[in-house]
>>> print(open('upload.pdb').read())   # PDB, C-alpha atoms
ATOM      1  CA  MET A  73      89.743 111.944  63.165
ATOM      2  CA  GLU A  74      89.210 109.238  65.792
ATOM      3  CA  PRO A  75      91.968 106.649  66.337
ATOM      4  CA  LEU A  76      91.268 103.114  65.173
ATOM      5  CA  VAL A  77      91.763 101.663  68.656
ATOM      6  CA  GLY A  78      92.046 102.923  72.208
ATOM      7  CA  ILE A  79      94.481 101.429  74.725
ATOM      8  CA  ILE A  80      93.794 101.280  78.450
ATOM      9  CA  ARG A  81      96.789 100.207  80.521
ATOM     10  CA  VAL A  82      96.276  98.076  83.621
ATOM     11  CA  ARG A  83      98.539  96.841  86.419
ATOM     12  CA  SER A  84      97.906  93.092  86.293
ATOM     13  CA  GLU A  85      96.075  90.259  84.573
ATOM     14  CA  SER A  86      93.420  90.148  87.304
ATOM     15  CA  GLN A  87      92.710  93.863  86.902
ATOM     16  CA  ALA A  88      92.530  93.407  83.133
ATOM     17  CA  MET A  89      89.956  90.641  83.614
ATOM     18  CA  GLU A  90      87.977  92.730  86.112
ATOM     19  CA  TRP A  91      87.899  95.829  83.929
ATOM     20  CA  SER A  92      87.035  93.853  80.798
ATOM     21  CA  LEU A  93      83.971  92.523  82.645
ATOM     22  CA  VAL A  94      83.003  96.065  83.580
ATOM     23  CA  LEU A  95      83.270  97.178  79.964
ATOM     24  CA  ALA A  96      81.410  94.102  78.721
ATOM     25  CA  SER A  97      78.539  94.939  81.097
ATOM     26  CA  GLN A  98      78.261  98.283  79.279
ATOM     27  CA  GLY A  99      78.322  96.682  75.841
ATOM     28  CA  ILE A 100      81.919  97.699  75.134
ATOM     29  CA  ALA A 101      84.076  94.955  73.618
ATOM     30  CA  ALA A 102      87.613  94.860  74.986
ATOM     31  CA  THR A 103      90.552  92.625  74.100
ATOM     32  CA  ILE A 104      93.053  91.682  76.806
ATOM     33  CA  GLU A 105      96.628  91.791  75.581
ATOM     34  CA  ALA A 106      99.468  90.112  77.487
ATOM     35  CA  PRO A 107     102.581  92.127  78.345
ATOM     36  CA  ALA A 108     104.911  92.318  75.385
ATOM     37  CA  ASP A 109     107.126  95.069  76.753
ATOM     38  CA  GLU A 110     107.757  97.079  79.870
ATOM     39  CA  HIS A 111     104.310  98.658  79.744
ATOM     40  CA  GLY A 112     102.523  95.544  81.048
ATOM     41  CA  TRP A 113      98.938  94.412  80.527
ATOM     42  CA  ARG A 114      96.440  96.465  78.550
ATOM     43  CA  LEU A 115      92.870  96.524  77.231
ATOM     44  CA  VAL A 116      92.235  97.383  73.596
ATOM     45  CA  VAL A 117      88.877  98.894  72.601
ATOM     46  CA  GLU A 118      87.521 100.381  69.416
ATOM     47  CA  GLY A 119      88.538 103.997  68.937
ATOM     48  CA  PHE A 120      84.988 105.331  68.898
ATOM     49  CA  GLU A 121      84.302 103.543  72.244
ATOM     50  CA  PHE A 122      87.456 104.793  73.971
ATOM     51  CA  ALA A 123      85.920 107.854  75.638
ATOM     52  CA  ARG A 124      82.891 105.902  76.870
ATOM     53  CA  ALA A 125      85.150 103.113  78.156
ATOM     54  CA  GLN A 126      87.214 105.599  80.160
ATOM     55  CA  THR A 127      84.057 107.143  81.620
ATOM     56  CA  SER A 128      82.669 103.727  82.578
ATOM     57  CA  LEU A 129      85.886 102.671  84.297
ATOM     58  CA  ARG A 130      86.166 106.024  86.096
ATOM     59  CA  GLN A 131      82.640 105.595  87.451
ATOM     60  CA  TYR A 132      83.361 101.977  88.416
ATOM     61  CA  ARG A 133      86.481 102.972  90.354
ATOM     62  CA  ALA A 134      84.594 105.754  92.118
ATOM     63  CA  GLU A 135      81.845 103.376  93.234
ATOM     64  CA  ASN A 136      84.292 100.662  94.305
ATOM     65  CA  ARG A 137      86.905 102.555  96.252
ATOM     66  CA  ALA A 138      89.010 100.299  98.444
ATOM     67  CA  ARG A 139      87.435  99.683 101.837
ATOM     68  CA  LEU A 140      89.077  98.265 104.922
ATOM     69  CA  TRP A 141      86.769  95.255 104.988
ATOM     70  CA  VAL A 142      87.120  94.354 101.283
ATOM     71  CA  ARG A 143      90.345  92.672 100.181
ATOM     72  CA  LYS A 144      91.584  90.927  97.069
ATOM     73  CA  LEU A 145      92.978  87.466  97.701
ATOM     74  CA  PRO A 146      96.545  87.188  96.341
ATOM     75  CA  TRP A 147      97.051  85.202  93.095
ATOM     76  CA  THR A 148      93.336  84.430  92.693
ATOM     77  CA  GLY A 149      91.630  87.609  91.473
ATOM     78  CA  LEU A 150      88.863  86.884  94.022
ATOM     79  CA  ILE A 151      87.521  89.532  96.386
ATOM     80  CA  PHE A 152      86.751  88.746 100.028
ATOM     81  CA  ASP A 153      84.385  90.816 102.170
ATOM     82  CA  TRP A 154      85.140  90.514 105.883
ATOM     83  CA  ARG A 155      81.647  91.707 106.790
ATOM     84  CA  SER A 156      80.506  88.117 106.454
ATOM     85  CA  ALA A 157      81.882  87.748 109.986
ATOM     86  CA  LEU A 158      79.051  89.958 111.269
ATOM     87  CA  TRP A 159      76.408  87.474 110.121
ATOM     88  CA  PHE A 160      78.098  84.556 111.820
ATOM     89  CA  LEU A 161      78.643  86.670 114.925
ATOM     90  CA  LEU A 162      74.856  87.111 114.980
ATOM     91  CA  LEU A 163      74.421  83.331 114.716
ATOM     92  CA  GLY A 164      76.847  82.902 117.609
ATOM     93  CA  VAL A 165      74.878  85.354 119.752
ATOM     94  CA  ILE A 166      71.615  83.567 118.977
ATOM     95  CA  PHE A 167      73.204  80.233 119.900
ATOM     96  CA  ALA A 168      74.590  81.644 123.175
ATOM     97  CA  LEU A 169      71.197  83.094 124.120
ATOM     98  CA  GLY A 170      69.518  79.776 123.390
ATOM     99  CA  GLU A 171      72.013  77.949 125.570
ATOM    100  CA  SER A 172      71.734  80.349 128.514
ATOM    101  CA  ARG A 173      68.970  82.891 129.076
ATOM    102  CA  PHE A 174      66.386  81.658 126.555
ATOM    103  CA  PRO A 175      66.416  77.848 126.439
ATOM    104  CA  GLY A 176      63.168  77.822 124.468
ATOM    105  CA  LEU A 177      64.679  79.752 121.565
ATOM    106  CA  ARG A 178      65.563  76.648 119.585
ATOM    107  CA  THR A 179      62.115  75.098 119.983
ATOM    108  CA  ALA A 180      60.397  78.348 119.005
ATOM    109  CA  GLY A 181      62.410  78.846 115.816
ATOM    110  CA  MET A 182      63.421  75.438 114.499
ATOM    111  CA  MET A 183      61.985  73.949 111.319
ATOM    112  CA  ASP A 184      58.872  71.948 112.144
ATOM    113  CA  ASN A 185      56.869  70.711 109.171
ATOM    114  CA  GLN A 186      53.621  70.378 111.088
ATOM    115  CA  ALA A 187      53.945  73.886 112.527
ATOM    116  CA  VAL A 188      54.730  75.387 109.111
ATOM    117  CA  TRP A 189      51.765  73.636 107.508
ATOM    118  CA  SER A 190      49.658  75.112 110.311
ATOM    119  CA  GLY A 191      50.760  78.643 109.393
ATOM    120  CA  ALA A 192      54.114  79.208 111.153
ATOM    121  CA  TRP A 193      55.868  80.172 107.908
ATOM    122  CA  TRP A 194      58.506  82.189 109.776
ATOM    123  CA  ARG A 195      60.196  78.949 110.856
ATOM    124  CA  LEU A 196      61.503  78.637 107.298
ATOM    125  CA  PHE A 197      63.640  81.703 108.099
ATOM    126  CA  THR A 198      64.430  81.371 111.801
ATOM    127  CA  ALA A 199      65.634  77.767 111.417
ATOM    128  CA  THR A 200      68.538  78.998 109.255
ATOM    129  CA  MET A 201      69.865  80.924 112.285
ATOM    130  CA  LEU A 202      69.789  78.060 114.808
ATOM    131  CA  HIS A 203      72.213  75.221 115.561
ATOM    132  CA  ALA A 204      71.937  71.947 117.436
ATOM    133  CA  ASP A 205      75.212  72.220 119.375
ATOM    134  CA  LEU A 206      78.553  74.007 119.483
ATOM    135  CA  GLY A 207      80.172  71.600 117.010
ATOM    136  CA  HIS A 208      77.355  72.201 114.510
ATOM    137  CA  LEU A 209      77.787  75.974 114.879
ATOM    138  CA  ALA A 210      81.592  75.794 114.554
ATOM    139  CA  ALA A 211      81.404  73.724 111.369
ATOM    140  CA  ASN A 212      79.013  76.170 109.721
ATOM    141  CA  VAL A 213      80.931  79.246 110.866
ATOM    142  CA  THR A 214      84.298  78.063 109.525
ATOM    143  CA  THR A 215      82.935  77.064 106.130
ATOM    144  CA  GLY A 216      80.292  79.750 105.820
ATOM    145  CA  PHE A 217      82.567  82.649 106.767
ATOM    146  CA  LEU A 218      84.774  81.951 103.737
ATOM    147  CA  LEU A 219      82.035  81.146 101.202
ATOM    148  CA  LEU A 220      79.735  84.006 102.185
ATOM    149  CA  GLY A 221      82.665  86.430 102.279
ATOM    150  CA  LEU A 222      83.634  85.486  98.724
ATOM    151  CA  ALA A 223      80.011  85.752  97.555
ATOM    152  CA  MET A 224      79.772  89.206  99.121
ATOM    153  CA  GLY A 225      82.937  90.222  97.310
ATOM    154  CA  SER A 226      81.491  89.019  94.009
ATOM    155  CA  TYR A 227      77.951  90.417  94.169
ATOM    156  CA  GLY A 228      78.055  93.076  96.873
ATOM    157  CA  ALA A 229      77.570  92.478 100.589
ATOM    158  CA  GLY A 230      73.841  93.122 100.917
ATOM    159  CA  THR A 231      72.880  91.439  97.661
ATOM    160  CA  ALA A 232      74.853  88.264  98.407
ATOM    161  CA  LEU A 233      73.601  88.070 102.004
ATOM    162  CA  LEU A 234      69.965  88.369 100.949
ATOM    163  CA  ALA A 235      70.400  85.844  98.122
ATOM    164  CA  ALA A 236      72.131  83.353 100.439
ATOM    165  CA  CYS A 237      69.391  83.765 103.067
ATOM    166  CA  LEU A 238      66.702  83.113 100.472
ATOM    167  CA  ALA A 239      68.616  80.027  99.320
ATOM    168  CA  GLY A 240      68.631  78.737 102.906
ATOM    169  CA  VAL A 241      64.882  79.312 103.126
ATOM    170  CA  ALA A 242      64.449  77.459  99.829
ATOM    171  CA  GLY A 243      66.323  74.514 101.357
ATOM    172  CA  ASN A 244      63.846  74.386 104.244
ATOM    173  CA  LEU A 245      60.946  74.795 101.829
ATOM    174  CA  ALA A 246      62.189  71.810  99.830
ATOM    175  CA  GLY A 247      62.310  69.767 103.030
ATOM    176  CA  LEU A 248      58.758  70.833 103.812
ATOM    177  CA  TRP A 249      57.558  69.085 100.656
ATOM    178  CA  ALA A 250      60.031  66.196 100.555
ATOM    179  CA  TYR A 251      59.981  64.926 104.148
ATOM    180  CA  PRO A 252      57.108  63.301 106.038
ATOM    181  CA  GLU A 253      54.784  65.439 108.147
ATOM    182  CA  VAL A 254      56.935  64.979 111.253
ATOM    183  CA  HIS A 255      60.299  66.544 110.439
ATOM    184  CA  HIS A 256      62.466  68.912 112.462
ATOM    185  CA  GLY A 257      65.525  70.717 111.188
ATOM    186  CA  LEU A 258      67.799  73.660 111.891
ATOM    187  CA  GLY A 259      71.117  75.093 110.784
ATOM    188  CA  ALA A 260      72.718  77.538 108.356
ATOM    189  CA  SER A 261      73.994  74.806 106.031
ATOM    190  CA  GLY A 262      71.392  75.476 103.338
ATOM    191  CA  MET A 263      72.343  79.139 103.344
ATOM    192  CA  ILE A 264      76.042  78.271 103.125
ATOM    193  CA  MET A 265      75.383  75.972 100.185
ATOM    194  CA  GLY A 266      73.443  78.868  98.671
ATOM    195  CA  ALA A 267      76.585  81.019  98.934
ATOM    196  CA  LEU A 268      78.508  78.242  97.189
ATOM    197  CA  GLY A 269      75.882  78.196  94.443
ATOM    198  CA  LEU A 270      76.247  81.965  94.050
ATOM    199  CA  LEU A 271      79.998  81.606  93.618
ATOM    200  CA  THR A 272      79.603  78.781  91.126
ATOM    201  CA  ALA A 273      77.178  80.805  89.031
ATOM    202  CA  HIS A 274      79.413  83.863  89.212
ATOM    203  CA  SER A 275      82.150  82.033  87.308
ATOM    204  CA  VAL A 276      79.794  81.880  84.303
ATOM    205  CA  SER A 277      79.894  85.671  84.064
ATOM    206  CA  LEU A 278      83.553  85.355  83.022
ATOM    207  CA  LEU A 279      82.310  84.275  79.600
ATOM    208  CA  ARG A 280      81.755  87.949  78.910
ATOM    209  CA  ALA A 281      85.527  88.390  78.924
ATOM    210  CA  GLY A 282      85.891  86.278  75.764
ATOM    211  CA  LEU A 283      87.045  82.850  74.710
ATOM    212  CA  ALA A 284      90.167  82.965  76.878
ATOM    213  CA  ALA A 285      87.980  82.883  80.012
ATOM    214  CA  ARG A 286      86.309  79.547  79.243
ATOM    215  CA  GLN A 287      88.914  77.574  81.153
ATOM    216  CA  LEU A 288      88.199  79.682  84.242
ATOM    217  CA  VAL A 289      84.479  79.064  83.832
ATOM    218  CA  ILE A 290      84.963  75.306  83.616
ATOM    219  CA  ARG A 291      87.234  75.327  86.658
ATOM    220  CA  GLY A 292      84.738  77.401  88.607
ATOM    221  CA  LEU A 293      81.846  75.103  87.800
ATOM    222  CA  PHE A 294      83.738  71.925  88.609
ATOM    223  CA  GLY A 295      85.183  73.483  91.761
ATOM    224  CA  GLY A 296      81.719  74.471  92.975
ATOM    225  CA  LEU A 297      80.280  71.022  92.295
ATOM    226  CA  LEU A 298      83.229  69.360  94.040
ATOM    227  CA  LEU A 299      82.728  71.500  97.147
ATOM    228  CA  LEU A 300      79.026  70.674  97.080
ATOM    229  CA  VAL A 301      79.835  66.954  97.141
ATOM    230  CA  LEU A 302      82.485  67.317  99.844
ATOM    231  CA  PHE A 303      80.631  69.630 102.219
ATOM    232  CA  GLY A 304      76.969  69.468 101.241
ATOM    233  CA  LEU A 305      76.324  65.851 100.266
ATOM    234  CA  SER A 306      78.512  63.962 102.740
ATOM    235  CA  PRO A 307      76.604  60.952 104.144
ATOM    236  CA  GLN A 308      76.614  62.068 107.785
ATOM    237  CA  PRO A 309      73.706  61.060 110.052
ATOM    238  CA  GLN A 310      72.564  64.656 110.693
ATOM    239  CA  THR A 311      73.191  65.986 107.171
ATOM    240  CA  ASP A 312      70.050  67.365 105.530
ATOM    241  CA  LEU A 313      70.884  66.465 101.932
ATOM    242  CA  ILE A 314      67.672  67.932 100.527
ATOM    243  CA  ALA A 315      68.198  71.313 102.212
ATOM    244  CA  HIS A 316      71.835  71.396 101.064
ATOM    245  CA  LEU A 317      71.060  70.516  97.466
ATOM    246  CA  ALA A 318      68.064  72.864  97.247
ATOM    247  CA  GLY A 319      70.109  75.675  98.809
ATOM    248  CA  PHE A 320      72.930  75.161  96.308
ATOM    249  CA  LEU A 321      70.582  75.051  93.308
ATOM    250  CA  THR A 322      68.674  78.122  94.475
ATOM    251  CA  GLY A 323      71.929  80.000  95.042
ATOM    252  CA  GLY A 324      73.063  79.001  91.565
ATOM    253  CA  LEU A 325      69.768  80.161  90.041
ATOM    254  CA  LEU A 326      69.868  83.508  91.854
ATOM    255  CA  GLY A 327      73.536  83.901  90.946
ATOM    256  CA  GLY A 328      72.733  83.210  87.306
ATOM    257  CA  LEU A 329      70.039  85.898  87.352
ATOM    258  CA  LEU A 330      72.365  88.379  89.052
ATOM    259  CA  ALA A 331      75.150  87.566  86.579
ATOM    260  CA  VAL A 332      73.149  89.122  83.726
ATOM    261  CA  VAL A 333      72.817  92.403  85.659
ATOM    262  CA  PRO A 334      75.540  94.895  84.676
ATOM    263  CA  GLN A 335      78.324  94.830  87.253
ATOM    264  CA  MET A 336      78.226  98.571  87.743
ATOM    265  CA  SER A 337      74.513  98.463  88.519
ATOM    266  CA  LEU A 338      74.857  95.520  90.886
ATOM    267  CA  GLN A 339      77.565  97.265  92.915
ATOM    268  CA  ARG A 340      75.626 100.491  93.429
ATOM    269  CA  ARG A 341      75.459 101.375  97.099
ATOM    270  CA  TRP A 342      71.709 101.929  97.265
ATOM    271  CA  ILE A 343      71.074  98.415  95.933
ATOM    272  CA  GLY A 344      73.305  96.919  98.605
ATOM    273  CA  ARG A 345      71.685  99.036 101.311
ATOM    274  CA  LEU A 346      68.195  98.039 100.188
ATOM    275  CA  ALA A 347      69.146  94.341 100.269
ATOM    276  CA  GLU A 348      70.651  94.774 103.747
ATOM    277  CA  TRP A 349      67.478  96.438 105.037
ATOM    278  CA  ILE A 350      65.314  93.682 103.565
ATOM    279  CA  CYS A 351      67.502  91.004 105.143
ATOM    280  CA  GLY A 352      67.536  92.785 108.491
ATOM    281  CA  GLY A 353      63.783  93.260 108.343
ATOM    282  CA  LEU A 354      63.245  89.562 107.698
ATOM    283  CA  VAL A 355      65.400  88.665 110.714
ATOM    284  CA  ILE A 356      63.491  91.016 113.019
ATOM    285  CA  VAL A 357      59.993  90.180 111.775
ATOM    286  CA  THR A 358      60.423  86.410 111.710
ATOM    287  CA  TRP A 359      61.935  86.273 115.200
ATOM    288  CA  TRP A 360      59.252  88.605 116.533
ATOM    289  CA  LEU A 361      56.611  86.232 115.180
ATOM    290  CA  ALA A 362      58.450  83.220 116.624
ATOM    291  CA  LEU A 363      58.764  84.682 120.133
ATOM    292  CA  ARG A 364      55.542  86.645 120.542
TER     293      ARG A 364
END
>>> encode(input="upload.pdb", output="structure tokens")
Amino acid sequence: MEPLVGIIRVRSESQAMEWSLVLASQGIAATIEAPADEHGWRLVVEGFEFARAQTSLRQYRAENRARLWVRKLPWTGLIFDWRSALWFLLLGVIFALGESRFPGLRTAGMMDNQAVWSGAWWRLFTATMLHADLGHLAANVTTGFLLLGLAMGSYGAGTALLAACLAGVAGNLAGLWAYPEVHHGLGASGMIMGALGLLTAHSVSLLRAGLAARQLVIRGLFGGLLLLVLFGLSPQPQTDLIAHLAGFLTGGLLGGLLAVVPQMSLQRRWIGRLAEWICGGLVIVTWWLALR
């Protein structure tokens, strides 16, 4: 005879929240119980779902073994992926090449509405990898490294990178329609705001954990909007408000779509690898077209 309930013991509240999301993605309802004795936190599932819950969590742990570049941030439950540094290292290399050996790099790849309307669609992509000066690059690197790293930790490195890149392109595409014919732009800000949108949308997925998670959802949404206002909509002379807002909204939309995908499926290695190859292919192809 099957037991009425199954109990899965966990080490901490953050792990309980994480595992409850994993189970929810598989259609298994789990209740988080606070520590009432020395045994600590635990998840309670229906007895007939206990075996399937254990199998799901075993598979999740196997596919998400601790890696040197992935770390949980203390007291937050958030996961940070240090591989975001590689993307901004690439942006630094592109900037250095443009300032030294290839001075025409910026002109060849920057956003130019007239050129795009004439068929140079690749500028929508290459402009997200260029910067006007060292201060512009430094500002985007310091903010983007953190936001993209957190997005990678939430969705998987390749998936988050591709989604953020597409959000940056969407920001340039919005400027193509909103600005007059003569408009030039460059910078990774739209992509960074896309990463912020991904993080904001990711907080909505906590609703799967039950009513107790609603406060976290509200905090996540308000936190994301506050950061958008502070970093993306500041009235600076060179701030491209349209690109920032469009990047944030696109990131939020993509994050919302990804949030409905089961966590275990989203974190599969082949999905991340495919997204990385697509992103790398876009970088190579668009720059080849820009410099040919």
>>> resolve_selection(input="upload.pdb", expression="the PyMOL selection byres ((chain A and resi 257-262) around 6)", output="ChimeraX atom specification")
/A:182-183,199-203,240,243,256,263-265,315-316,319
>>> residues_around(input="upload.pdb", residues="Gly328 in chain A", least_positions_apart="2", cutoff="10 Å", atoms="all atoms listed in the file", output="number ranges by chain")
A: 269-277, 322-326, 330-333
>>> atom_distance(input="upload.pdb", atom1="CA of Arg143 in chain A", atom2="CA of Ser97 in chain A")
22.6 Å
>>> resolve_selection(input="upload.pdb", expression="the PyMOL selection byres ((chain A and resi 164) around 10)", output="PyMOL selection string")
chain A and resi 158-163+165-170+201-203+206+209-210+213
>>> resolve_selection(input="upload.pdb", expression="the PyMOL selection byres ((chain A and resi 88) around 10)", output="short mmCIF file (atom, residue, chain, number, x, y, z; two decimals) with C-alpha atoms, in the coordinates of the input")
data_model
loop_
_atom_site.label_atom_id
_atom_site.label_comp_id
_atom_site.auth_asym_id
_atom_site.auth_seq_id
_atom_site.Cartn_x
_atom_site.Cartn_y
_atom_site.Cartn_z
CA ILE A 80 93.79 101.28 78.45
CA ARG A 81 96.79 100.21 80.52
CA VAL A 82 96.28 98.08 83.62
CA ARG A 83 98.54 96.84 86.42
CA SER A 84 97.91 93.09 86.29
CA GLU A 85 96.08 90.26 84.57
CA SER A 86 93.42 90.15 87.30
CA GLN A 87 92.71 93.86 86.90
CA MET A 89 89.96 90.64 83.61
CA GLU A 90 87.98 92.73 86.11
CA TRP A 91 87.90 95.83 83.93
CA SER A 92 87.04 93.85 80.80
CA LEU A 93 83.97 92.52 82.64
CA VAL A 94 83.00 96.06 83.58
CA ALA A 102 87.61 94.86 74.99
CA THR A 103 90.55 92.62 74.10
CA ILE A 104 93.05 91.68 76.81
CA GLU A 105 96.63 91.79 75.58
CA ALA A 106 99.47 90.11 77.49
CA TRP A 113 98.94 94.41 80.53
CA ARG A 114 96.44 96.46 78.55
CA LEU A 115 92.87 96.52 77.23
CA ALA A 281 85.53 88.39 78.92
#
>>> closest_residue(input="upload.pdb", among="A:Cys351, A:Ile79, A:Thr231, A:Asp312", to="Phe122 in chain A", atoms="all atoms listed in the file")
A:Ile79
>>> closest_residue(input="upload.pdb", among="A:Trp193, A:Leu321, A:Ala239, A:Leu329", to="Val357 in chain A", atoms="only C-alpha atoms")
A:Trp193
>>> closest_residue(input="upload.pdb", among="A:Leu218, A:Ala101, A:Ala232, A:Leu245", to="Ala347 in chain A", atoms="all atoms listed in the file")
A:Ala232
>>> closest_residue(input="upload.pdb", among="A:Val188, A:Ile314, A:Leu220, A:Leu177", to="Ala242 in chain A", atoms="only C-alpha atoms")
A:Ile314
>>> closest_residue(input="upload.pdb", among="A:Arg341, A:Lys144, A:His208, A:Arg195", to="Tyr132 in chain A", atoms="only C-alpha atoms")
A:Arg341
>>> atom_distance(input="upload.pdb", atom1="CA of Ala236 in chain A", atom2="CA of Gln186 in chain A")
25.0 Å
>>> atom_distance(input="upload.pdb", atom1="CA of Leu150 in chain A", atom2="CA of Leu268 in chain A")
13.9 Å
>>> build_atoms(input="upload.pdb", residues="range 192-209 of chain A", atoms="N, CA and C atoms", output="PDB file, in the coordinates of the input")
ATOM      1  N   ALA A 192      52.897  78.606 110.588  1.00  0.00           N
ATOM      2  CA  ALA A 192      54.114  79.208 111.153  1.00  0.00           C
ATOM      3  C   ALA A 192      55.200  79.300 110.090  1.00  0.00           C
ATOM      4  N   TRP A 193      54.945  80.077 109.043  1.00  0.00           N
ATOM      5  CA  TRP A 193      55.868  80.172 107.908  1.00  0.00           C
ATOM      6  C   TRP A 193      57.225  80.744 108.293  1.00  0.00           C
ATOM      7  N   TRP A 194      57.256  81.543 109.367  1.00  0.00           N
ATOM      8  CA  TRP A 194      58.506  82.189 109.776  1.00  0.00           C
ATOM      9  C   TRP A 194      59.586  81.191 110.172  1.00  0.00           C
ATOM     10  N   ARG A 195      59.207  79.961 110.499  1.00  0.00           N
ATOM     11  CA  ARG A 195      60.196  78.949 110.856  1.00  0.00           C
ATOM     12  C   ARG A 195      61.111  78.617 109.676  1.00  0.00           C
ATOM     13  N   LEU A 196      60.653  78.829 108.464  1.00  0.00           N
ATOM     14  CA  LEU A 196      61.503  78.637 107.298  1.00  0.00           C
ATOM     15  C   LEU A 196      62.720  79.550 107.357  1.00  0.00           C
ATOM     16  N   PHE A 197      62.561  80.729 107.967  1.00  0.00           N
ATOM     17  CA  PHE A 197      63.640  81.703 108.099  1.00  0.00           C
ATOM     18  C   PHE A 197      64.433  81.499 109.382  1.00  0.00           C
ATOM     19  N   THR A 198      63.731  81.427 110.516  1.00  0.00           N
ATOM     20  CA  THR A 198      64.430  81.371 111.801  1.00  0.00           C
ATOM     21  C   THR A 198      65.278  80.109 111.944  1.00  0.00           C
ATOM     22  N   ALA A 199      64.868  79.012 111.303  1.00  0.00           N
ATOM     23  CA  ALA A 199      65.634  77.767 111.417  1.00  0.00           C
ATOM     24  C   ALA A 199      67.028  77.896 110.831  1.00  0.00           C
ATOM     25  N   THR A 200      67.216  78.819 109.861  1.00  0.00           N
ATOM     26  CA  THR A 200      68.538  78.998 109.255  1.00  0.00           C
ATOM     27  C   THR A 200      69.508  79.702 110.199  1.00  0.00           C
ATOM     28  N   MET A 201      69.010  80.203 111.331  1.00  0.00           N
ATOM     29  CA  MET A 201      69.865  80.924 112.285  1.00  0.00           C
ATOM     30  C   MET A 201      70.074  80.149 113.578  1.00  0.00           C
ATOM     31  N   LEU A 202      69.672  78.884 113.607  1.00  0.00           N
ATOM     32  CA  LEU A 202      69.789  78.060 114.808  1.00  0.00           C
ATOM     33  C   LEU A 202      70.738  76.884 114.568  1.00  0.00           C
ATOM     34  N   HIS A 203      71.306  76.360 115.665  1.00  0.00           N
ATOM     35  CA  HIS A 203      72.213  75.221 115.561  1.00  0.00           C
ATOM     36  C   HIS A 203      71.989  74.258 116.718  1.00  0.00           C
ATOM     37  N   ALA A 204      72.229  72.989 116.445  1.00  0.00           N
ATOM     38  CA  ALA A 204      71.937  71.947 117.436  1.00  0.00           C
ATOM     39  C   ALA A 204      72.916  71.972 118.606  1.00  0.00           C
ATOM     40  N   ASP A 205      74.201  72.212 118.319  1.00  0.00           N
ATOM     41  CA  ASP A 205      75.212  72.220 119.375  1.00  0.00           C
ATOM     42  C   ASP A 205      76.396  73.055 118.910  1.00  0.00           C
ATOM     43  N   LEU A 206      77.395  73.167 119.783  1.00  0.00           N
ATOM     44  CA  LEU A 206      78.553  74.007 119.483  1.00  0.00           C
ATOM     45  C   LEU A 206      79.336  73.490 118.284  1.00  0.00           C
ATOM     46  N   GLY A 207      79.461  72.167 118.154  1.00  0.00           N
ATOM     47  CA  GLY A 207      80.172  71.600 117.010  1.00  0.00           C
ATOM     48  C   GLY A 207      79.480  71.926 115.700  1.00  0.00           C
ATOM     49  N   HIS A 208      78.154  71.856 115.692  1.00  0.00           N
ATOM     50  CA  HIS A 208      77.355  72.201 114.510  1.00  0.00           C
ATOM     51  C   HIS A 208      77.585  73.660 114.126  1.00  0.00           C
ATOM     52  N   LEU A 209      77.557  74.550 115.129  1.00  0.00           N
ATOM     53  CA  LEU A 209      77.787  75.974 114.879  1.00  0.00           C
ATOM     54  C   LEU A 209      79.197  76.206 114.339  1.00  0.00           C
TER      55      LEU A 209
END
